[in-house]
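Asks: First the structure, which I've put down as structure tokens, then a few questions once you've had a look.
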Amino acid sequence: MRVGDELNGEVVLTGVEQRSGRSGPLQIVTFTIDLARPDGMLAVTIRRSLVIVG
């Protein structure tokens, strides 16, 4: 990957988990983002989690 490369992406919800925290119930939502070059070759995969309190 280089600066200026054009990438196409897709964000997919890959998980929802419930846990107990010190502040009460937590939901952990995980997303996977696959970014590919125009020829379809995968350039990078990003995984991110969001913690929701309450």
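Naming works like this for the structure tokens: A, B, ... for the chains as they're shown, residue 1 at the start of each chain, ligands 1 onward in shown order.
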Could you name the residues that touch region 17-32 of chain A at 12 Å or less, counting only C-alpha atoms, but leaving out those on the same chain fewer than 6 positions away, as a short mmCIF file (atom, residue, chain, number, x, y, z; two decimals) with all heavy atoms, in the first residue's frame?
Replies:
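around19.cif was written with the following content:
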```
data_model
loop_
_atom_site.label_atom_id
_atom_site.label_comp_id
_atom_site.auth_asym_id
_atom_site.auth_seq_id
_atom_site.Cartn_x
_atom_site.Cartn_y
_atom_site.Cartn_z
N GLY A 9 -13.61 -0.75 0.30
CA GLY A 9 -13.76 -1.44 1.57
C GLY A 9 -15.15 -1.89 1.88
O GLY A 9 -16.13 -1.46 1.26
N GLU A 10 -15.20 -2.77 2.86
CA GLU A 10 -16.47 -3.27 3.35
C GLU A 10 -16.35 -3.42 4.87
O GLU A 10 -15.39 -4.00 5.35
CB GLU A 10 -16.77 -4.63 2.72
CG GLU A 10 -18.07 -5.22 3.18
CD GLU A 10 -18.39 -6.50 2.44
OE1 GLU A 10 -19.02 -6.40 1.38
OE2 GLU A 10 -18.00 -7.56 2.93
N VAL A 11 -17.32 -2.89 5.57
CA VAL A 11 -17.38 -3.00 7.02
C VAL A 11 -18.39 -4.09 7.37
O VAL A 11 -19.52 -4.07 6.89
CB VAL A 11 -17.80 -1.67 7.68
CG1 VAL A 11 -17.85 -1.82 9.19
CG2 VAL A 11 -16.85 -0.56 7.28
N VAL A 44 -5.40 -4.69 3.31
CA VAL A 44 -5.30 -4.61 4.77
C VAL A 44 -6.64 -5.02 5.39
O VAL A 44 -7.69 -4.82 4.79
CB VAL A 44 -4.90 -3.19 5.22
CG1 VAL A 44 -5.97 -2.18 4.91
CG2 VAL A 44 -4.54 -3.15 6.69
N THR A 45 -6.56 -5.61 6.58
CA THR A 45 -7.74 -5.93 7.38
C THR A 45 -7.62 -5.19 8.70
O THR A 45 -6.58 -5.24 9.35
CB THR A 45 -7.85 -7.45 7.64
OG1 THR A 45 -8.00 -8.12 6.39
CG2 THR A 45 -9.03 -7.77 8.52
N ILE A 46 -8.69 -4.49 9.07
CA ILE A 46 -8.71 -3.72 10.31
C ILE A 46 -9.83 -4.30 11.18
O ILE A 46 -10.94 -4.51 10.71
CB ILE A 46 -8.99 -2.23 10.03
CG1 ILE A 46 -7.95 -1.67 9.08
CG2 ILE A 46 -9.07 -1.43 11.34
CD1 ILE A 46 -8.31 -0.32 8.50
N ARG A 47 -9.53 -4.54 12.45
CA ARG A 47 -10.55 -4.99 13.39
C ARG A 47 -10.66 -3.95 14.50
O ARG A 47 -9.66 -3.54 15.07
CB ARG A 47 -10.18 -6.35 13.98
CG ARG A 47 -10.30 -7.46 12.97
CD ARG A 47 -10.05 -8.83 13.58
NE ARG A 47 -10.09 -9.84 12.54
CZ ARG A 47 -9.05 -10.19 11.80
NH1 ARG A 47 -7.88 -9.63 11.99
NH2 ARG A 47 -9.18 -11.10 10.86
N ARG A 48 -11.88 -3.56 14.80
CA ARG A 48 -12.13 -2.55 15.83
C ARG A 48 -13.27 -3.02 16.72
O ARG A 48 -14.23 -3.61 16.25
CB ARG A 48 -12.51 -1.20 15.22
CG ARG A 48 -11.38 -0.55 14.50
CD ARG A 48 -10.32 -0.09 15.50
NE ARG A 48 -9.20 0.52 14.84
CZ ARG A 48 -7.98 -0.01 14.79
NH1 ARG A 48 -7.73 -1.16 15.34
NH2 ARG A 48 -7.00 0.63 14.19
N SER A 49 -13.13 -2.72 18.01
CA SER A 49 -14.18 -3.06 18.97
C SER A 49 -14.67 -1.78 19.63
O SER A 49 -13.90 -0.87 19.90
CB SER A 49 -13.65 -4.01 20.03
OG SER A 49 -13.31 -5.24 19.45
N LEU A 50 -15.97 -1.75 19.88
CA LEU A 50 -16.64 -0.62 20.53
C LEU A 50 -17.28 -1.15 21.80
O LEU A 50 -18.00 -2.15 21.76
CB LEU A 50 -17.70 -0.06 19.59
CG LEU A 50 -18.60 1.03 20.13
CD1 LEU A 50 -17.78 2.30 20.40
CD2 LEU A 50 -19.69 1.34 19.11
N VAL A 51 -16.98 -0.52 22.92
CA VAL A 51 -17.54 -0.94 24.21
C VAL A 51 -18.68 0.02 24.56
O VAL A 51 -18.48 1.24 24.60
CB VAL A 51 -16.48 -0.93 25.33
CG1 VAL A 51 -17.10 -1.32 26.66
CG2 VAL A 51 -15.34 -1.88 24.98
N ILE A 52 -19.85 -0.54 24.81
CA ILE A 52 -21.03 0.24 25.16
C ILE A 52 -21.39 -0.08 26.60
O ILE A 52 -21.62 -1.24 26.95
CB ILE A 52 -22.21 -0.09 24.23
CG1 ILE A 52 -21.80 0.17 22.77
CG2 ILE A 52 -23.46 0.70 24.62
CD1 ILE A 52 -22.76 -0.39 21.77
N VAL A 53 -21.43 0.94 27.45
CA VAL A 53 -21.74 0.78 28.87
C VAL A 53 -23.21 1.06 29.09
O VAL A 53 -23.74 2.04 28.59
CB VAL A 53 -20.89 1.75 29.73
CG1 VAL A 53 -21.22 1.59 31.19
CG2 VAL A 53 -19.40 1.54 29.47
N GLY A 54 -23.85 0.16 29.85
CA GLY A 54 -25.23 0.43 30.20
C GLY A 54 -26.22 -0.53 29.70
O GLY A 54 -26.19 -1.37 28.97
#
```
Asks: I'd like the contact shell of Asp5 (chain A) - 12 Å cut-off, only C-alpha atoms, skipping same-chain residues fewer than 2 positions apart - returned as a list in words.
Replies: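 Answer for this query is Met1, Arg2, Val3, Leu7, Asn8, Leu35, Ala36, Arg37, Pro38, Asp39 and Ala43 of chain A.
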Asks: Based on the backbone DSSP call, show me all residues of chain A assigned strand (DSSP E or B), as an MDAnalysis selection string.
Replies: chainID A and resid 8:21 24:36 42:53
